[in-house]
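A short worksheet on the structure shown next.
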There are 4 protein chains.
Amino acid sequence: MTAKPAPGQTDPVAIDSASGKAAAAAPPANPLWGGRFAGGPAEIMARINVSIGFDQRLYAEDIAGSKAHAAMLGQQGIIEAADAGRIIAGLDRILQEIEQGCFPFKAELEDIHMNVEARLAELIGPAAGRLHTARSRNDQVATDFKLWVRAALERCDAGLRDLQAALIDQADRHAATVMPGFTHLQSAQPVTFGHHLLAYVEMFGRDRSRLRDARARLNECPLGSAALAGTPFPIDRAMTARTLGFDRATANSLDAVSDRDFALDYLAAAAIAAVHLSRLAEEIVLWCSDLVGFVRLSHAFTTGSSIMPQKENPDAAELVRAKSGRLIGALNGLLIVMKGLPLAYSKDMQEDKEPVFLADDTLGLCVAAMAGMVRDLQPNPTAMRRAAEQGFLTATDLADWLVRVLGLPFREAHHITGRIVRLAEDGNRRLAELELSALQAIEPRITAAVFDVLTVEASVASRTSPGGTAPARVREAVNAARERFL
Amino acid sequence: MTAKPAPGQTDPVAIDSASGKAAAAAPPANPLWGGRFAGGPAEIMARINVSIGFDQRLYAEDIAGSKAHAAMLGQQGIIEAADAGRIIAGLDRILQEIEQGCFPFKAELEDIHMNVEARLAELIGPAAGRLHTARSRNDQVATDFKLWVRAALERCDAGLRDLQAALIDQADRHAATVMPGFTHLQSAQPVTFGHHLLAYVEMFGRDRSRLRDARARLNECPLGSAALAGTPFPIDRAMTARTLGFDRATANSLDAVSDRDFALDYLAAAAIAAVHLSRLAEEIVLWCSDLVGFVRLSHAFTTGSSIMPQKENPDAAELVRAKSGRLIGALNGLLIVMKGLPLAYSKDMQEDKEPVFLADDTLGLCVAAMAGMVRDLQPNPTAMRRAAEQGFLTATDLADWLVRVLGLPFREAHHITGRIVRLAEDGNRRLAELELSALQAIEPRITAAVFDVLTVEASVASRTSPGGTAPARVREAVNAARERFL
Amino acid sequence: MTAKPAPGQTDPVAIDSASGKAAAAAPPANPLWGGRFAGGPAEIMARINVSIGFDQRLYAEDIAGSKAHAAMLGQQGIIEAADAGRIIAGLDRILQEIEQGCFPFKAELEDIHMNVEARLAELIGPAAGRLHTARSRNDQVATDFKLWVRAALERCDAGLRDLQAALIDQADRHAATVMPGFTHLQSAQPVTFGHHLLAYVEMFGRDRSRLRDARARLNECPLGSAALAGTPFPIDRAMTARTLGFDRATANSLDAVSDRDFALDYLAAAAIAAVHLSRLAEEIVLWCSDLVGFVRLSHAFTTGSSIMPQKENPDAAELVRAKSGRLIGALNGLLIVMKGLPLAYSKDMQEDKEPVFLADDTLGLCVAAMAGMVRDLQPNPTAMRRAAEQGFLTATDLADWLVRVLGLPFREAHHITGRIVRLAEDGNRRLAELELSALQAIEPRITAAVFDVLTVEASVASRTSPGGTAPARVREAVNAARERFL
Amino acid sequence: MTAKPAPGQTDPVAIDSASGKAAAAAPPANPLWGGRFAGGPAEIMARINVSIGFDQRLYAEDIAGSKAHAAMLGQQGIIEAADAGRIIAGLDRILQEIEQGCFPFKAELEDIHMNVEARLAELIGPAAGRLHTARSRNDQVATDFKLWVRAALERCDAGLRDLQAALIDQADRHAATVMPGFTHLQSAQPVTFGHHLLAYVEMFGRDRSRLRDARARLNECPLGSAALAGTPFPIDRAMTARTLGFDRATANSLDAVSDRDFALDYLAAAAIAAVHLSRLAEEIVLWCSDLVGFVRLSHAFTTGSSIMPQKENPDAAELVRAKSGRLIGALNGLLIVMKGLPLAYSKDMQEDKEPVFLADDTLGLCVAAMAGMVRDLQPNPTAMRRAAEQGFLTATDLADWLVRVLGLPFREAHHITGRIVRLAEDGNRRLAELELSALQAIEPRITAAVFDVLTVEASVASRTSPGGTAPARVREAVNAARERFL
């Protein structure tokens with residue numbers, strides 16, 4: 001077996017730089033912190049240490065944070081206004097270079113912060129060296145990453161809102177489409193397809209509230225905490241916090257640089273949302289199975305088989321179901337990284353970014369794919385209704401009738417219903433097809449009025465308790481959901 | 001090796017019943033749902049299915065929920081007022097029996113709900129059978145468990161508040177006690193012990209806000225969702241919600257019985273809090289090590305060795321550190337249970353309780369043990385100060401001075417500082433012990449004023465930025481923390 | 001909500017002692033290691049530190065290890081032969097007391113080792129004090145726990161063997177029972193039920209090989225490593241290893257007391273086995289659903305509903321599926337506990353036992369329940385065959401025929417088959433029901449011989465490649481599986 | 001905040017193709033399985049479904065598997081020998097193209113299998129269509145991935161062997177270098193640095209045995225299982241198995257295509273190895289701390305600080321410690337993916353590759369970095385010895401002397417030692433510095449001979465039990481380890 005890396009093999013060092021330099025070759029001593037280092041780091045050290053391959057995703061946040069810091073330094077007279085101006089103009093140019101794809105990323109500069117700073121020095125000369133006044137990479141990276149996670153929370157919220165919209169629209173169309181409701185995957189009681197879909201609207205609504213909570217908890221600005229102890233410079237932390245859209249500055253500098261709760265909050269919310277998505281995905285896989293046939297997905301969301309031409313595989317639903325594993329694994333992984341870390345910053349915390357980036361990519365993909373599938377899916381009301389009519393799903397309605405009309409205690413009604421169901425089962429008939437006399441042989445007080453509750457339509461229509469499956473309730477719930485969520 | 005179970009071996013069936021009946025012996029057909037079941041369940045089925053061994057912890061919540069339901073049924077005229085009264089009185093008596101330890105729990109009745117209901121029938125006769133009107137075990141258990149988790153959230157909040165109080169008191173005492181601040185476990189800059197402890201006050205403050213968010217999100221009442229579809233009885237869900245302290249009734253009956261987000265939210269909050277506890281625990285283990293000697297725990301929180309008499313082992317801190325593994329595992333486990341479950345209720349969801357109970361026990365123990373340790377720990381300011389004076393911890397202060405006073409760009413100041421540090425290191429001296437001339441040989445503009453910033457006291461005193469480690473700031477932060485958290 | 005603990009609430013301190021003493025009340029200073037401790041540990045310390053509530057499950061192993069150690073000390077002349085004899089007799093009596101349920105476990109003695117040792121001192125006097133010569137709790141607990149895990153591995157192997165036996169018997173009976181084979185839960189090709197069940201025999205066979213590997217890797221004896229450094233006493237480690245059934249003594253004393261790989265190996269094997277069980281459980285839940293109806297479980301493995309009398313819920317299968325979450329969580333938890341622990345023993349490692357005990361209980365229950373269900377399940381060959389005949393499952397057979405008989409490249413055969421399937425689908429007919437002329441309109445060279453491969457029986461009978469689903473192959477595989485596994 | 005993706009943002013669709021085509025633009029219907037699909041998949045479907053971005057790492061295995069299959073088809077007369085020859089030649093050319101970086105990977109062809117097959121058709125025409133005879137993507141991908149994992153197991157074994165070599169060499173040099181041995185991070189007994197390092201040699205030895213077990217269990221060939229049911233073609237599975245280095249063909253076709261145990265085995269072994277690495281990494285971080293100073297890493301494995309010029313941060317060790325989180329997360333994630341999947345193939349299983357690739361990259365990096373650090377680290381024997389002489393580390397030696405020489409029961413010796421330690425502690429003296437009379441005041445039978453065991457050298461030299469820390473034993477162990485592992 002070849003050991004040679006495949007062309008597409010992930011290389012933790014290689015970066016898309018214009019220079020194309022072999023980044024893993026032992027680089028020279030880092031020009032920024034290498035002042036007293038005699039030799040350069042070993043090649044393997046370079047490979048394990050470098051983060052520019054992934055943390056360049058923070059470029060916009062890094063530049064925004066530096067601009068806010070420079071403006072504050074200028075206003076407070078910590079650096080000269082002209083220097084602040086030069087720094088800000090240089091950063092704007094760097095932003096442009098990156099967005100135009102012509103920024104020369106260099107692995108030997110390790111991370112996005114160093115890459116930006118080194119380029120700034122090329123562009124504006126010595127004034128660049130003043131940007132790091134009253135700041136450290138520790139508070140800088142915490143700020144950058146918080147800004148990035150905040151945007152990810154917002155992206156995720158928007159995606160879930162769109163998924164809710166897709167669900168609500170389908171629910172509206174199918175507020176009265178009868179299907180079996182299941183417990184233990186056994187048909188239990190008739191419900192409507194609209195009612196079923198709205199259950200997911202609630203789940204994704206809780207997910208969104210979780211994202212909102214995470215955003216509110218995150219929204220304190222670490223900038224100005226410096227390495228870990230604060231700084232003697234007369235900085236204005238309220239100003240930088242405000243500029244960057246934070247509610248306030250963090251209260252403790254040691255905590256500010258060693259906190260990654262915001263990433264954990266995001267990953268926890270993502271993992272729970274992924275579990276919700278996996279539940280809906282499981283149902284879609286089931287419903288699409290030719291054993292069940294409740295819904296069909298168009299070819300936009302299914303694939304064929306290389307050997308079985310008749311297959312329409314719900315690949316997207318299966319992938320959404322599976323990706324919950326990756327997302328739970330990402331949360332788990334970062335909890336483990338943070339476990340037992342002494343204060344303040346440890347390099348372990350560099351492992352915070354890749355799980356979060358993975359979660360953002362993965363969850364974004366899953367939510368969009370699910371919204372697409374929900375819009376795409378074509379229910380088969382005939383198949384649903386047929387299934388709802390098998391399996392004695394109105395047995396509970398019968399029991400409830402015995403309680404309501406005959407005044408039996410529920411437990412006694414339950415026993416009588418059990419005997420009637422057995423009778424129907426033995427005779428291979430539906431409950432509605434039994435003869436009155438047969439029912440009366442079991443419970444003499446039963447009247448013909450009982451048949452009014454034994455159809456699936458009557459069953460769903462009767463369940464008018466708040467949150468219940470009656471079509472009228474479902475239509476109300478659709479409107480309420482539009483109001484609450486869209 | 002014996003295969004015989006040890007006396008203490010956990011037996012998933014055995015319960016502390018007065019009867020002492022061998023619960024695992026195949027019980028007779030369940031009297032409540034066994035109407036149409038010819039035979040009884042197999043012994044192994046009984047063992048895997050039974051939950052009374054753990055879900056009896058829900059007894060108070062089960063009774064509260066049933067009382068609220070009975071009162072509502074009575075008020076709505078769904079059952080007679082007299083029956084409602086009898087049910088409530090019977091439930092009160094059961095509560096008393098359980099709290100007095102004389103309730104006859106029976107494994108063959110499977111769970112707490114059946115145990116209570118069967119006892120109610122013994123106590124008040126047929127009227128007991130009316131309690132289950134317009135209700136199912138599905139909405140009942142969701143309600144019970146939400147009530148239980150809500151109380152657990154509140155217990156946890158109270159525990160964390162007490163831990164914060166302990167930390168704030170120590171921080172207040174040591175607002176000016178100098179110790180090294182670390183990054184990468186390398187001494188970095190002097191901080192104060194008070195400042196360090198306040199970092200944890202922030203963490204536990206975020207934990208408490210997470211618990212509050214979870215409580216708010218949880219606080220919708222599932223009762224009245226029945227099995228999954230709602231009910232035709234004219235129930236008043238707002239009334240039961242109000243009685244049980246919920247903000248409102250849940251919006252969708254399918255979601256209400258299949259939702260376990262509240263347990264996941266609690267476990268996520270517990271896991272993150274456990275990570276915070278593990279960080280402080282790790283530091284206590286380090287600080288107590290005879291290699292470091294920053295703090296000492298009394299014998300109340302250490303143990304000796306059976307073979308090494310000189311040891312004072314910080315067992316409690318190590319256990320707190322370790323138990324984060326169990327708590328992360330509990331979160332992970334329930335996420336896995338819920339992954340891919342179709343709606344509505346599946347028996348899988350019975351696996352929700354034990355992780356939550358474990359988390360409540362474990363986290364309660366860890367938080368209390370940590371509060372005890374924080375109150376118990378006796379810092380050794382001499383050892384801390386000695387460590388802070390080694391390792392050139394005021395190098396940053398020197399660099400900052402070069403920037404502030406001489407107006408050097410930060411990066412240049414950094415390089416000069418690096419050379420001065422190497423000089424001190426080579427001569428085995430502290431920075432404050434170098435001669436002015438030696439400094440000037442590296443940077444001629446340095447004056448004697450620089451020595452003002454090179455002591456650890458000067459260093460901490462200078463870091464007056466908001467959230468910084470200056471004793472004055474720490475004292476302000478102590479007061480602010482009292483205000484915000486206690 | 002009451003804060004009072006429910007009677008059944010797990011109490012980490014309370015033990016089933018005859019004395020019934022409130023164990024959590026702050027106990028006096030530990031008599032064994034408390035020599036230089038002025039005060040007793042705090043109550044919360046006692047609660048977090050005590051392990052007798054769970055580690056008493058190690059009693060038989062602890063006594064076996066101590067007997068082996070005492071015999072060796074006697075033989076080597078490290079203690080007098082008479083003392084060794086007294087110790088062994090005392091330990092035998094303790095074993096008897098524990099197995100008869102009359103041993104006075106005491107929480108204030110913390111763990112099983114101290115309980116046994118203290119009782120030994122009561123029974124035989126000062127000679128008891130000689131047992132701990134050349135031994136420490138560190139090597140003692142490692143030895144005990146290894147012995148326990150070894151027995152758990154053997155129990156698990158026996159359980160899985162029985163499950164394989166159940167599967168093989170069913171497979172034998174249904175070697176020719178045709179059902180649809182699925183990919184993506186879409187019917188793909190006909191297989192036999194026996195073939196399907198044998199897939200699980202392979203999985204559980206790999207699980208057993210994993211257990212065997214874990215047993216072989218575990219089987220080195222830590223006893224004699226003492227606290228961490230070995231001992232100056234002239235012990236015979238080979239003798240104790242041999243007595244306890246180990247292959248050899250461990251090679252490094254520091255590793256011996258800090259290693260918990262054997263617990264991780266067991267938990268990893270358990271987690272993977274649990275995943276296999278969850279897959280079969282998922283299939284049983286699906287097959288039992290009234291939507292599918294492939295199998296039925298008797299009332300021995302299903303439960304009814306309190307409100308829906310017609311339900312037959314596959315609770316045991318759902319619980320088996322769910323419990324994989326707990327088992328994966330247990331593995332995950334112990335990996336986290338061990339992460340980053342410095343050598344040698346840390347108290348964190350006391351957290352190793354509960355996950356392992358939970359895994360043993362849980363996995364034992366799941367394997368036994370699954371074996372019960374497999375024996376219990378009654379396939380419905382009619383329903384299976386009907387499903388196999390829908391959905392064009394012999395499309396691949398058609399494609400293969402085009403390749404084999406007409407010599408078409410596979411990809412071309414695939415395209416032609418796709419067109420024929422669409423024709424059948426549009427006409428709502430099975431492949432075998434199409435007219436030859438219709439087939440020839442798509443591919444003129446097709447002859448009537450093609451119909452020989454279009455029935456599901458012909459399809460399964462044709463798949464005679466090794467490991468294939470042809471009934472003859474399945475019968476061979478049944479015999480081979482009996483040979484390999486039973 | 002910008003929503004625009006950063007240039008370096010991972011794009012699950014984009015591939016390094018020469019064409020540079022915007023791969024995410026909705027591609028046309030897949031030419032291979034799209035026969036009966038009217039429209040093309042939606043863009044989001046393409047993005048979630050495509051795997052060529054990562055599964056191209058399987059290229060060499062895919063080609064090897066196809067060559068073996070083609071050769072077998074030719075030998076069995078299933079395809080013509082000339083076609084087999086053309087196919088093999090074409091595959092060889094594709095291998096060359098890929099390794100030379102000029103293969104035109106296309107996202108619209110989804111995966112490596114389709115890319116290779118489509119290119120083969122371009123190169124050799126219609127004969128390419130015969131390669132898929134008696135094969136499916138399901139057995140093909142299982143075979144490819146097993147081959148890849150097998151190579152990863154071998155790479156990992158080689159890396160760990162090199163790490164063991166580095167440890168053994170250091171252990172050899174420091175077989176007699178005295179340092180404190182710790183339990184609970186409290187100094188316990190003197191050990192040698194060589195002895196300590198050999199503990200890790202044992203751990204990594206167990207890791208290697210775990211990899212060997214996984215390799216043996218994996219080594220059955222799925223090829224010929226076809227989609228799930230086997231095939232009617234007269235294939236020779238033994239031949240393809242042999243050609244690809246497998247021990248035999250898999251026994252059950254359904255299992256063969258749905259099994260991912262081999263990936264789980266690898267990830268479990270990787271996670272446990274990562275935990276071992278994290279323990280050593282934690283120790284290196286501790287030892288490098290200026291609080292401890294036991295070892296120093298050169299600048300090849302440390303970094304400086306942007307603001308604290310005196311820092312030498314052990315970044316590589318911290319990253320190795322942290323990356324255990326990612327590896328445990330990867331195992332956890334795949335266990336979750338596989339949980340509850342019905343047979344046979346589900347698309348969920350496409351999520352198997354990225355965690356395995358991540359583990360291979362990460363573990364490779366960690367093992368190499370650790371080997372580098374172990375070779376690089378320079379112990380400070382003076383600091384180690386000084387620490388070993390503090391803290392009464394020979395207390396156990398004193399207790400052992402009381403047992404051996406005076407014949408006291410161990411427990412009594414322990415109590416006496418405790419009192420002597422307290423005496424020394426109160427007088428701020430080492431045990432060896434106490435006066436004989438003071439010792440005799442506590443235990444009159446103590447003689448001057450006791451002082452022979454109270455030095456750290458005497459202590460380590462005395463621990464000659466097998467596996468003990470005596471330098472002579474350590475040297476033996478070094479030789480034995482060379483024999484067993486290198």
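We name chains A, B, ... following the order of the structure tokens; residues begin at 1 in each chain, and ligands are numbered from 1 as shown.
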Long-range neighbours of stretch 288-292 of chain B as a list in words, 9 Å cut-off, only C-alpha atoms, 6 positions minimum in chain: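 Result of the neighbour search: Glu312, Asn313, Pro314, Ala383, Met384 and Ala387 of chain B; His184, Leu185, Gln186, Ser187, Leu291, Val292, Ala387, Gln390 and Gly391 of chain D.
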List the neighbours of A:Lys146 out to 9 Å using only C-alpha atoms; skip same-chain residues closer than 4 positions along the sequence, and give me the result as a PDB file with C-alpha atoms, in the first residue's frame.
```pdb
ATOM      1  CA  GLU A  61     -13.189  39.186  12.574  1.00  0.00           C
ATOM      2  CA  VAL A 141      -8.043  35.441  19.506  1.00  0.00           C
ATOM      3  CA  ALA A 142     -10.796  35.264  22.129  1.00  0.00           C
ATOM      4  CA  ARG A 150     -21.743  35.084  17.125  1.00  0.00           C
ATOM      5  CA  ALA A 151     -22.096  35.213  13.357  1.00  0.00           C
ATOM      6  CA  LEU A 218     -21.398  35.275  24.691  1.00  0.00           C
ATOM      7  CA  ASN A 219     -21.779  38.964  24.092  1.00  0.00           C
ATOM      8  CA  GLU A 220     -19.074  40.371  26.374  1.00  0.00           C
ATOM      9  CA  CYS A 221     -15.867  41.657  24.842  1.00  0.00           C
ATOM     10  CA  PRO A 222     -12.511  40.147  25.938  1.00  0.00           C
ATOM     11  CA  ARG A 260     -14.404  28.955  25.697  1.00  0.00           C
ATOM     12  CA  PHE A 262     -19.270  30.396  24.021  1.00  0.00           C
ATOM     13  CA  ALA A 263     -17.925  27.659  21.752  1.00  0.00           C
TER      14      ALA A 263
END
```
Near B:Ala424, counting only C-alpha atoms, which residues have an atom at most 9 Å away, once you skip same-chain residues fewer than 6 positions from it, shown as a PDB file with C-alpha atoms, in the first residue's frame?
```
ATOM      1  CA  PHE B 392      11.108  37.402  34.814  1.00  0.00           C
ATOM      2  CA  ARG B 430      16.072  39.050  38.443  1.00  0.00           C
ATOM      3  CA  LEU B 431      15.189  41.905  36.124  1.00  0.00           C
ATOM      4  CA  GLU B 433      18.586  43.287  40.008  1.00  0.00           C
ATOM      5  CA  LEU B 434      20.201  44.272  36.706  1.00  0.00           C
TER       6      LEU B 434
END
```
Spatial neighbours of C:Ala214, 9 Å, only C-alpha atoms, chain gap at least 6 places, as number ranges by chain: C: 150, 153, 262, 265-266, 269; D: 210
Test item, helix (DSSP H, G or I) assignment across stretch 263-482 of chain B, answer as a ChimeraX atom specification: /B:263-288,315-338,347-376,381-389,395-406,410-426,431-433,436-442,448-453,456-462,471-482
Proximal residues of chain D relative to chain C (only C-alpha atoms; 6 Å) as a VMD selection string: chain D and resid 35 129 to 130 133 182 to 184 199 229 to 232 251 to 255 275 278 to 279 282 to 283 339 to 342 344 to 346 409 to 411 415 462 to 465 467 to 469
